[in-house]
$ cat work_23.pdb   # PDB, C-alpha atoms, pLDDT in the B column
ATOM      1  CA  MET A   1     -24.470 -13.743  23.610  1.00 37.00           C
ATOM      2  CA  ILE A   2     -22.904 -15.697  26.482  1.00 37.00           C
ATOM      3  CA  GLU A   3     -26.353 -15.974  28.086  1.00 37.00           C
ATOM      4  CA  HIS A   4     -27.642 -17.422  24.816  1.00 36.00           C
ATOM      5  CA  MET A   5     -24.764 -19.942  24.752  1.00 38.00           C
ATOM      6  CA  ARG A   6     -25.353 -20.904  28.393  1.00 36.00           C
ATOM      7  CA  VAL A   7     -29.030 -21.632  27.769  1.00 39.00           C
ATOM      8  CA  ARG A   8     -28.388 -23.449  24.501  1.00 38.00           C
ATOM      9  CA  TYR A   9     -25.370 -25.517  25.556  1.00 37.00           C
ATOM     10  CA  SER A  10     -25.852 -25.982  29.295  1.00 41.00           C
ATOM     11  CA  SER A  11     -28.042 -29.046  29.009  1.00 44.00           C
ATOM     12  CA  GLY A  12     -26.030 -31.997  30.248  1.00 47.00           C
ATOM     13  CA  PRO A  13     -22.577 -32.295  31.803  1.00 49.00           C
ATOM     14  CA  LEU A  14     -20.750 -31.630  28.520  1.00 43.00           C
ATOM     15  CA  GLY A  15     -22.606 -28.341  28.128  1.00 45.00           C
ATOM     16  CA  ILE A  16     -21.251 -27.020  31.430  1.00 46.00           C
ATOM     17  CA  LEU A  17     -17.684 -27.646  30.249  1.00 45.00           C
ATOM     18  CA  LEU A  18     -18.349 -26.200  26.812  1.00 43.00           C
ATOM     19  CA  ILE A  19     -19.240 -22.695  28.033  1.00 45.00           C
ATOM     20  CA  PRO A  20     -15.756 -21.846  29.431  1.00 49.00           C
ATOM     21  CA  VAL A  21     -14.150 -23.319  26.309  1.00 44.00           C
ATOM     22  CA  LEU A  22     -16.288 -21.114  24.063  1.00 41.00           C
ATOM     23  CA  VAL A  23     -15.634 -18.025  26.203  1.00 43.00           C
ATOM     24  CA  CYS A  24     -11.857 -18.691  26.164  1.00 48.00           C
ATOM     25  CA  GLY A  25     -12.045 -19.332  22.437  1.00 46.00           C
ATOM     26  CA  PHE A  26     -13.631 -15.938  21.831  1.00 39.00           C
ATOM     27  CA  ALA A  27     -10.987 -14.297  24.043  1.00 44.00           C
ATOM     28  CA  VAL A  28      -8.192 -15.959  22.056  1.00 42.00           C
ATOM     29  CA  LEU A  29      -9.833 -14.942  18.788  1.00 43.00           C
ATOM     30  CA  GLY A  30      -9.971 -11.364  20.059  1.00 47.00           C
ATOM     31  CA  GLN A  31      -6.277 -11.458  20.983  1.00 46.00           C
ATOM     32  CA  SER A  32      -5.432 -13.028  17.625  1.00 44.00           C
ATOM     33  CA  GLN A  33      -7.256 -10.205  15.842  1.00 47.00           C
ATOM     34  CA  GLN A  34      -5.334  -7.687  17.977  1.00 49.00           C
ATOM     35  CA  VAL A  35      -2.020  -9.273  16.983  1.00 43.00           C
ATOM     36  CA  THR A  36      -3.078  -9.290  13.332  1.00 59.00           C
ATOM     37  CA  ASP A  37      -4.089  -5.620  13.524  1.00 63.00           C
ATOM     38  CA  GLN A  38      -0.791  -4.739  15.211  1.00 66.00           C
ATOM     39  CA  THR A  39       1.203  -6.737  12.664  1.00 82.00           C
ATOM     40  CA  GLU A  40      -0.652  -5.060   9.797  1.00 80.00           C
ATOM     41  CA  HIS A  41      -0.014  -1.645  11.338  1.00 84.00           C
ATOM     42  CA  GLU A  42       3.705  -2.380  11.787  1.00 88.00           C
ATOM     43  CA  SER A  43       4.067  -3.737   8.244  1.00 88.00           C
ATOM     44  CA  ALA A  44       2.298  -0.640   6.913  1.00 89.00           C
ATOM     45  CA  LEU A  45       4.759   1.581   8.811  1.00 92.00           C
ATOM     46  CA  VAL A  46       7.750  -0.358   7.446  1.00 92.00           C
ATOM     47  CA  THR A  47       6.341  -0.117   3.929  1.00 94.00           C
ATOM     48  CA  GLU A  48       5.637   3.589   4.291  1.00 94.00           C
ATOM     49  CA  ARG A  49       9.142   4.252   5.573  1.00 95.00           C
ATOM     50  CA  PHE A  50      10.712   2.221   2.751  1.00 96.00           C
ATOM     51  CA  ALA A  51       8.570   4.048   0.187  1.00 97.00           C
ATOM     52  CA  ALA A  52       9.534   7.432   1.677  1.00 97.00           C
ATOM     53  CA  GLU A  53      13.233   6.559   1.462  1.00 97.00           C
ATOM     54  CA  ARG A  54      12.911   5.453  -2.157  1.00 98.00           C
ATOM     55  CA  LEU A  55      10.788   8.534  -2.887  1.00 98.00           C
ATOM     56  CA  TRP A  56      13.582  10.794  -1.668  1.00 97.00           C
ATOM     57  CA  VAL A  57      16.153   9.025  -3.885  1.00 97.00           C
ATOM     58  CA  TRP A  58      13.991   9.079  -7.009  1.00 98.00           C
ATOM     59  CA  GLN A  59      12.752  12.597  -6.395  1.00 97.00           C
ATOM     60  CA  GLN A  60      16.382  13.772  -6.551  1.00 97.00           C
ATOM     61  CA  ARG A  61      17.155  11.683  -9.627  1.00 96.00           C
ATOM     62  CA  LEU A  62      14.108  12.953 -11.503  1.00 97.00           C
ATOM     63  CA  ASN A  63      14.835  16.566 -10.560  1.00 96.00           C
ATOM     64  CA  LEU A  64      11.642  16.917  -8.550  1.00 97.00           C
ATOM     65  CA  ALA A  65      13.346  18.114  -5.360  1.00 95.00           C
ATOM     66  CA  ASP A  66      11.392  21.377  -5.424  1.00 96.00           C
ATOM     67  CA  TRP A  67       8.151  19.421  -4.932  1.00 97.00           C
ATOM     68  CA  ASN A  68       6.736  18.578  -1.508  1.00 98.00           C
ATOM     69  CA  ILE A  69       5.821  14.923  -2.062  1.00 98.00           C
ATOM     70  CA  SER A  70       4.627  12.519   0.595  1.00 97.00           C
ATOM     71  CA  VAL A  71       3.773   8.852   0.503  1.00 97.00           C
ATOM     72  CA  ALA A  72       0.932   6.979   2.186  1.00 96.00           C
ATOM     73  CA  VAL A  73      -0.051   3.336   2.398  1.00 96.00           C
ATOM     74  CA  ALA A  74      -3.570   2.573   1.154  1.00 96.00           C
ATOM     75  CA  ARG A  75      -5.728  -0.524   1.180  1.00 96.00           C
ATOM     76  CA  ALA A  76      -6.768  -1.988  -2.168  1.00 95.00           C
ATOM     77  CA  THR A  77     -10.348  -0.911  -1.478  1.00 95.00           C
ATOM     78  CA  ASP A  78      -9.163   2.727  -1.369  1.00 96.00           C
ATOM     79  CA  LEU A  79      -7.532   2.493  -4.814  1.00 95.00           C
ATOM     80  CA  LYS A  80      -9.046   2.051  -8.249  1.00 94.00           C
ATOM     81  CA  PRO A  81      -9.493  -1.600  -9.221  1.00 92.00           C
ATOM     82  CA  LYS A  82      -6.398  -3.288 -10.672  1.00 90.00           C
ATOM     83  CA  THR A  83      -4.055  -0.519  -9.500  1.00 91.00           C
ATOM     84  CA  LEU A  84      -1.194  -0.664  -7.020  1.00 93.00           C
ATOM     85  CA  GLY A  85      -1.056   3.029  -6.262  1.00 96.00           C
ATOM     86  CA  ASN A  86      -1.798   6.533  -7.470  1.00 97.00           C
ATOM     87  CA  ILE A  87      -0.669  10.125  -7.259  1.00 97.00           C
ATOM     88  CA  HIS A  88      -2.605  13.325  -6.685  1.00 97.00           C
ATOM     89  CA  TRP A  89      -0.883  16.650  -7.112  1.00 97.00           C
ATOM     90  CA  ASP A  90      -1.398  20.379  -6.962  1.00 96.00           C
ATOM     91  CA  ALA A  91       0.906  21.892  -9.579  1.00 95.00           C
ATOM     92  CA  ASP A  92       0.458  25.460  -8.283  1.00 95.00           C
ATOM     93  CA  LYS A  93       1.602  24.525  -4.774  1.00 97.00           C
ATOM     94  CA  LYS A  94       4.026  21.854  -6.020  1.00 97.00           C
ATOM     95  CA  ARG A  95       2.589  19.310  -3.605  1.00 97.00           C
ATOM     96  CA  ALA A  96       1.756  15.684  -4.237  1.00 98.00           C
ATOM     97  CA  VAL A  97       0.740  12.533  -2.390  1.00 98.00           C
ATOM     98  CA  ILE A  98       1.631   9.092  -3.669  1.00 98.00           C
ATOM     99  CA  LYS A  99      -0.421   6.178  -2.374  1.00 98.00           C
ATOM    100  CA  VAL A 100       1.122   2.711  -2.423  1.00 97.00           C
ATOM    101  CA  LEU A 101      -0.644  -0.582  -1.810  1.00 96.00           C
ATOM    102  CA  HIS A 102      -0.805  -1.823   1.786  1.00 95.00           C
ATOM    103  CA  PRO A 103       1.386  -4.897   2.416  1.00 95.00           C
ATOM    104  CA  ALA A 104      -1.645  -6.863   3.652  1.00 94.00           C
ATOM    105  CA  ASP A 105      -3.052  -6.667   0.115  1.00 95.00           C
ATOM    106  CA  TYR A 106       0.033  -8.278  -1.420  1.00 94.00           C
ATOM    107  CA  ASN A 107       0.442 -12.016  -1.792  1.00 92.00           C
ATOM    108  CA  MET A 108       4.183 -12.286  -2.396  1.00 92.00           C
ATOM    109  CA  PRO A 109       7.479 -12.433  -0.501  1.00 92.00           C
ATOM    110  CA  LEU A 110       8.625  -9.282   1.297  1.00 90.00           C
ATOM    111  CA  ALA A 111      11.511  -8.520  -1.087  1.00 92.00           C
ATOM    112  CA  ASP A 112       9.220  -8.749  -4.113  1.00 94.00           C
ATOM    113  CA  MET A 113       6.595  -6.619  -2.395  1.00 95.00           C
ATOM    114  CA  LEU A 114       9.110  -3.884  -1.567  1.00 95.00           C
ATOM    115  CA  ALA A 115      10.427  -3.950  -5.144  1.00 96.00           C
ATOM    116  CA  ASP A 116       6.853  -3.466  -6.330  1.00 97.00           C
ATOM    117  CA  VAL A 117       6.367  -0.564  -3.920  1.00 97.00           C
ATOM    118  CA  GLU A 118       9.481   1.083  -5.339  1.00 97.00           C
ATOM    119  CA  PHE A 119       8.142   0.470  -8.853  1.00 98.00           C
ATOM    120  CA  THR A 120       4.914   2.226  -7.846  1.00 98.00           C
ATOM    121  CA  VAL A 121       6.804   5.217  -6.420  1.00 98.00           C
ATOM    122  CA  VAL A 122       8.927   5.655  -9.571  1.00 98.00           C
ATOM    123  CA  HIS A 123       5.904   5.071 -11.814  1.00 97.00           C
ATOM    124  CA  GLU A 124       3.895   7.779 -10.053  1.00 98.00           C
ATOM    125  CA  LEU A 125       6.823  10.214 -10.105  1.00 98.00           C
ATOM    126  CA  ILE A 126       7.092   9.778 -13.868  1.00 97.00           C
ATOM    127  CA  HIS A 127       3.377  10.598 -14.136  1.00 96.00           C
ATOM    128  CA  LEU A 128       4.113  13.756 -12.161  1.00 97.00           C
ATOM    129  CA  GLU A 129       6.993  14.620 -14.490  1.00 95.00           C
ATOM    130  CA  LEU A 130       4.665  14.218 -17.482  1.00 94.00           C
ATOM    131  CA  SER A 131       1.789  16.116 -15.869  1.00 90.00           C
ATOM    132  CA  SER A 132       2.391  19.275 -17.888  1.00 88.00           C
ATOM    133  CA  LEU A 133       1.739  17.436 -21.165  1.00 88.00           C
ATOM    134  CA  PRO A 134      -1.727  17.401 -22.707  1.00 87.00           C
ATOM    135  CA  ARG A 135      -3.876  14.479 -21.540  1.00 86.00           C
ATOM    136  CA  SER A 136      -7.036  12.793 -22.690  1.00 87.00           C
ATOM    137  CA  ASP A 137      -8.920   9.583 -22.073  1.00 85.00           C
ATOM    138  CA  ALA A 138      -7.711   8.388 -25.461  1.00 84.00           C
ATOM    139  CA  SER A 139      -4.043   8.893 -24.550  1.00 84.00           C
ATOM    140  CA  ARG A 140      -4.352   7.389 -21.053  1.00 88.00           C
ATOM    141  CA  SER A 141      -3.556   3.823 -22.125  1.00 89.00           C
ATOM    142  CA  GLU A 142      -0.566   4.935 -24.184  1.00 92.00           C
ATOM    143  CA  GLU A 143       0.701   7.047 -21.294  1.00 92.00           C
ATOM    144  CA  GLU A 144       0.443   4.086 -18.904  1.00 94.00           C
ATOM    145  CA  HIS A 145       2.378   1.902 -21.317  1.00 95.00           C
ATOM    146  CA  ALA A 146       5.120   4.525 -21.744  1.00 95.00           C
ATOM    147  CA  VAL A 147       5.324   5.185 -17.984  1.00 96.00           C
ATOM    148  CA  ASN A 148       5.630   1.447 -17.282  1.00 96.00           C
ATOM    149  CA  GLN A 149       8.402   1.092 -19.880  1.00 97.00           C
ATOM    150  CA  LEU A 150      10.328   4.061 -18.478  1.00 97.00           C
ATOM    151  CA  THR A 151       9.914   2.804 -14.916  1.00 97.00           C
ATOM    152  CA  ARG A 152      11.204  -0.680 -15.810  1.00 97.00           C
ATOM    153  CA  ALA A 153      14.192   0.802 -17.662  1.00 96.00           C
ATOM    154  CA  MET A 154      15.131   3.167 -14.830  1.00 96.00           C
ATOM    155  CA  LEU A 155      14.853   0.476 -12.158  1.00 97.00           C
ATOM    156  CA  ALA A 156      16.842  -1.990 -14.270  1.00 95.00           C
ATOM    157  CA  LEU A 157      19.656   0.560 -14.594  1.00 94.00           C
ATOM    158  CA  ASP A 158      19.514   1.332 -10.889  1.00 92.00           C
ATOM    159  CA  ARG A 159      19.681  -2.325  -9.870  1.00 87.00           C
ATOM    160  CA  LYS A 160      22.703  -3.023 -12.083  1.00 86.00           C
ATOM    161  CA  ARG A 161      24.846  -0.692  -9.964  1.00 69.00           C
TER     162      ARG A 161
END
$ encode --input "work_23.pdb" --output "structure tokens"
Amino acid sequence: MIEHMRVRYSSGPLGILLIPVLVCGFAVLGQSQQVTDQTEHESALVTERFAAERLWVWQQRLNLADWNISVAVARATDLKPKTLGNIHWDADKKRAVIKVLHPADYNMPLADMLADVEFTVVHELIHLELSSLPRSDASRSEEEHAVNQLTRAMLALDRKR
């Protein structure tokens, strides 16, 4: 690629100066991408740690302490459209994994984003609590509505403390 740039832009005195500028520009872009990747990785770790702490609290409150539940940060492309997280569980082994949305996929202040992550954790735990009830595609929308209402109520009570 640099050879292509040298041939294309080396005609004339300005072209000779342009090559080092372009090369340095690509180097800076590469470093910028590295910083962005590192920042995204660090913000994902902070989010995952926050979610794990809130998971522990809500797992105790919802009497799910006998479950082995972990949390993972996931990009929006790894989740269903228009969702902020999900849960997958194995009832026989009492294991579950909650996925929460990666901070890079949020467009809001940090405090609001963390509050939303906590909402997702509680929401998914309530789904787990209700997992023994009969389910169908027809009841899915009603379940989501009920889970959202319960989550809002529980978080409102918690935040009034």
$ resolve_selection --input "work_23.pdb" --expression "the PyMOL selection byres ((chain A and resi 45) around 12)" --output "mmCIF file with C-alpha atoms, in the coordinates of the input"
data_model
loop_
_atom_site.group_PDB
_atom_site.id
_atom_site.type_symbol
_atom_site.label_atom_id
_atom_site.label_comp_id
_atom_site.auth_asym_id
_atom_site.auth_seq_id
_atom_site.Cartn_x
_atom_site.Cartn_y
_atom_site.Cartn_z
ATOM 1 C CA GLN A 38 -0.791 -4.739 15.211
ATOM 2 C CA THR A 39 1.203 -6.737 12.664
ATOM 3 C CA GLU A 40 -0.652 -5.060 9.797
ATOM 4 C CA HIS A 41 -0.014 -1.645 11.338
ATOM 5 C CA GLU A 42 3.705 -2.380 11.787
ATOM 6 C CA SER A 43 4.067 -3.737 8.244
ATOM 7 C CA ALA A 44 2.298 -0.640 6.913
ATOM 8 C CA VAL A 46 7.750 -0.358 7.446
ATOM 9 C CA THR A 47 6.341 -0.117 3.929
ATOM 10 C CA GLU A 48 5.637 3.589 4.291
ATOM 11 C CA ARG A 49 9.142 4.252 5.573
ATOM 12 C CA PHE A 50 10.712 2.221 2.751
ATOM 13 C CA ALA A 51 8.570 4.048 0.187
ATOM 14 C CA ALA A 52 9.534 7.432 1.677
ATOM 15 C CA VAL A 71 3.773 8.852 0.503
ATOM 16 C CA ALA A 72 0.932 6.979 2.186
ATOM 17 C CA VAL A 73 -0.051 3.336 2.398
ATOM 18 C CA ALA A 74 -3.570 2.573 1.154
ATOM 19 C CA VAL A 100 1.122 2.711 -2.423
ATOM 20 C CA HIS A 102 -0.805 -1.823 1.786
ATOM 21 C CA PRO A 103 1.386 -4.897 2.416
ATOM 22 C CA ALA A 104 -1.645 -6.863 3.652
#
$ resolve_selection --input "work_23.pdb" --expression "the PyMOL selection byres ((chain A and resi 88) around 10)" --output "PyMOL selection string"
chain A and resi 69+86-87+89-91+95-99+124+127-128
$ resolve_selection --input "work_23.pdb" --expression "the PyMOL selection byres ((chain A and resi 118) around 10)" --output "ChimeraX atom specification"
/A:47,50-55,58,100,112-117,119-124,151,155
$ write_last_selection --input "work_23.pdb" --atoms "C-alpha atoms" --output "tab-separated table (two decimals), in the frame of the given file"
chain	number	residue	atom	x	y	z
A	47	THR	CA	6.34	-0.12	3.93
A	50	PHE	CA	10.71	2.22	2.75
A	51	ALA	CA	8.57	4.05	0.19
A	52	ALA	CA	9.53	7.43	1.68
A	53	GLU	CA	13.23	6.56	1.46
A	54	ARG	CA	12.91	5.45	-2.16
A	55	LEU	CA	10.79	8.53	-2.89
A	58	TRP	CA	13.99	9.08	-7.01
A	100	VAL	CA	1.12	2.71	-2.42
A	112	ASP	CA	9.22	-8.75	-4.11
A	113	MET	CA	6.60	-6.62	-2.40
A	114	LEU	CA	9.11	-3.88	-1.57
A	115	ALA	CA	10.43	-3.95	-5.14
A	116	ASP	CA	6.85	-3.47	-6.33
A	117	VAL	CA	6.37	-0.56	-3.92
A	119	PHE	CA	8.14	0.47	-8.85
A	120	THR	CA	4.91	2.23	-7.85
A	121	VAL	CA	6.80	5.22	-6.42
A	122	VAL	CA	8.93	5.66	-9.57
A	123	HIS	CA	5.90	5.07	-11.81
A	124	GLU	CA	3.90	7.78	-10.05
A	151	THR	CA	9.91	2.80	-14.92
A	155	LEU	CA	14.85	0.48	-12.16
$ atom_distance --input "work_23.pdb" --atom1 "CA of Leu101 (chain A)" --atom2 "CA of Thr83 (chain A)"
8.4 Å
$ axis_aligned_box --input "work_23.pdb" --around "region 84-91 of chain A" --padding-each-side "5 Å" --output "JSON"
{"center_x": -0.8, "center_y": 10.6, "center_z": -7.9, "size_x": 13.5, "size_y": 32.6, "size_z": 13.3}
$ atom_distance --input "work_23.pdb" --atom1 "CA of Asp66 (chain A)" --atom2 "CA of Ile126 (chain A)"
15.0 Å
$ residues_around --input "work_23.pdb" --residues "Leu64 (chain A)" --least-positions-apart "4" --cutoff "8 Å" --atoms "all atoms listed in the file" --output "PyMOL selection string"
chain A and resi 59-60+129
$ atom_distance --input "work_23.pdb" --atom1 "CA of Arg152 (chain A)" --atom2 "CA of Pro134 (chain A)"
23.3 Å
$ closest_residue --input "work_23.pdb" --among "A:Arg75, A:Lys93, A:Arg61, A:His145" --to "Asp158 (chain A)" --atoms "only C-alpha atoms"
A:Arg61
$ closest_residue --input "work_23.pdb" --among "A:Ser136, A:Asp105, A:Leu110, A:Glu143" --to "Asp78 (chain A)" --atoms "all atoms listed in the file"
A:Asp105
$ closest_residue --input "work_23.pdb" --among "A:Leu125, A:Met154, A:Leu130, A:Ala138" --to "Trp67 (chain A)" --atoms "all atoms listed in the file"
A:Leu125
$ decode --input "work_23.pdb" --residues "region 61-73 of chain A" --atoms "all heavy atoms" --output "compact mmCIF listing (two decimals), in the first residue's frame"
# COMPACT_ATOMS: atom_id res chain seq x y z
N ARG A 61 -31.45 -11.77 47.53
CA ARG A 61 -32.79 -11.22 47.78
C ARG A 61 -33.89 -12.07 47.16
O ARG A 61 -34.99 -12.16 47.71
CB ARG A 61 -32.89 -9.79 47.22
CG ARG A 61 -32.09 -8.81 48.03
CD ARG A 61 -32.16 -7.43 47.42
NE ARG A 61 -31.38 -6.50 48.21
CZ ARG A 61 -31.09 -5.28 47.83
NH1 ARG A 61 -31.54 -4.81 46.67
NH2 ARG A 61 -30.37 -4.49 48.59
N LEU A 62 -33.62 -12.64 46.01
CA LEU A 62 -34.64 -13.44 45.32
C LEU A 62 -34.56 -14.92 45.67
O LEU A 62 -35.22 -15.75 45.04
CB LEU A 62 -34.51 -13.24 43.80
CG LEU A 62 -34.85 -11.84 43.31
CD1 LEU A 62 -34.46 -11.67 41.85
CD2 LEU A 62 -36.34 -11.57 43.50
N ASN A 63 -33.75 -15.24 46.67
CA ASN A 63 -33.63 -16.60 47.17
C ASN A 63 -33.17 -17.57 46.06
O ASN A 63 -33.70 -18.67 45.93
CB ASN A 63 -34.94 -17.07 47.80
CG ASN A 63 -34.73 -18.22 48.75
OD1 ASN A 63 -33.63 -18.40 49.27
ND2 ASN A 63 -35.76 -19.00 48.99
N LEU A 64 -32.18 -17.10 45.30
CA LEU A 64 -31.61 -17.93 44.25
C LEU A 64 -30.14 -18.26 44.55
O LEU A 64 -29.37 -18.55 43.64
CB LEU A 64 -31.71 -17.20 42.89
CG LEU A 64 -33.11 -16.99 42.35
CD1 LEU A 64 -33.10 -16.00 41.19
CD2 LEU A 64 -33.73 -18.32 41.92
N ALA A 65 -29.79 -18.24 45.82
CA ALA A 65 -28.40 -18.46 46.23
C ALA A 65 -27.90 -19.86 45.91
O ALA A 65 -26.70 -20.08 45.79
CB ALA A 65 -28.23 -18.17 47.72
N ASP A 66 -28.82 -20.81 45.75
CA ASP A 66 -28.40 -22.18 45.43
C ASP A 66 -28.10 -22.37 43.94
O ASP A 66 -27.68 -23.44 43.53
CB ASP A 66 -29.46 -23.18 45.89
CG ASP A 66 -30.83 -22.94 45.29
OD1 ASP A 66 -31.15 -21.79 44.93
OD2 ASP A 66 -31.61 -23.91 45.18
N TRP A 67 -28.27 -21.33 43.15
CA TRP A 67 -27.94 -21.36 41.73
C TRP A 67 -26.53 -20.86 41.51
O TRP A 67 -26.08 -19.94 42.19
CB TRP A 67 -28.90 -20.48 40.93
CG TRP A 67 -30.22 -21.14 40.63
CD1 TRP A 67 -31.25 -21.34 41.49
CD2 TRP A 67 -30.63 -21.66 39.38
NE1 TRP A 67 -32.28 -21.96 40.86
CE2 TRP A 67 -31.92 -22.18 39.54
CE3 TRP A 67 -30.02 -21.76 38.13
CZ2 TRP A 67 -32.63 -22.77 38.51
CZ3 TRP A 67 -30.73 -22.35 37.09
CH2 TRP A 67 -32.02 -22.86 37.29
N ASN A 68 -25.84 -21.44 40.55
CA ASN A 68 -24.53 -20.96 40.10
C ASN A 68 -24.79 -20.07 38.88
O ASN A 68 -25.00 -20.57 37.78
CB ASN A 68 -23.63 -22.14 39.75
CG ASN A 68 -22.26 -21.69 39.30
OD1 ASN A 68 -21.94 -20.51 39.29
ND2 ASN A 68 -21.44 -22.65 38.90
N ILE A 69 -24.81 -18.76 39.11
CA ILE A 69 -25.16 -17.81 38.06
C ILE A 69 -23.95 -16.91 37.79
O ILE A 69 -23.35 -16.37 38.72
CB ILE A 69 -26.37 -16.94 38.46
CG1 ILE A 69 -27.55 -17.82 38.85
CG2 ILE A 69 -26.76 -16.00 37.31
CD1 ILE A 69 -28.72 -17.07 39.46
N SER A 70 -23.63 -16.77 36.53
CA SER A 70 -22.54 -15.87 36.14
C SER A 70 -23.11 -14.80 35.21
O SER A 70 -24.22 -14.93 34.70
CB SER A 70 -21.41 -16.64 35.46
OG SER A 70 -21.88 -17.27 34.29
N VAL A 71 -22.30 -13.77 35.02
CA VAL A 71 -22.70 -12.68 34.15
C VAL A 71 -21.60 -12.44 33.13
O VAL A 71 -20.42 -12.62 33.43
CB VAL A 71 -23.02 -11.40 34.97
CG1 VAL A 71 -21.80 -10.84 35.62
CG2 VAL A 71 -23.73 -10.36 34.14
N ALA A 72 -22.00 -12.08 31.92
CA ALA A 72 -21.05 -11.79 30.84
C ALA A 72 -21.54 -10.58 30.07
O ALA A 72 -22.74 -10.35 29.95
CB ALA A 72 -20.92 -12.99 29.92
N VAL A 73 -20.59 -9.82 29.56
CA VAL A 73 -20.91 -8.66 28.74
C VAL A 73 -20.96 -9.12 27.29
O VAL A 73 -20.10 -9.87 26.84
CB VAL A 73 -19.85 -7.56 28.93
CG1 VAL A 73 -20.07 -6.41 27.98
CG2 VAL A 73 -19.85 -7.07 30.37
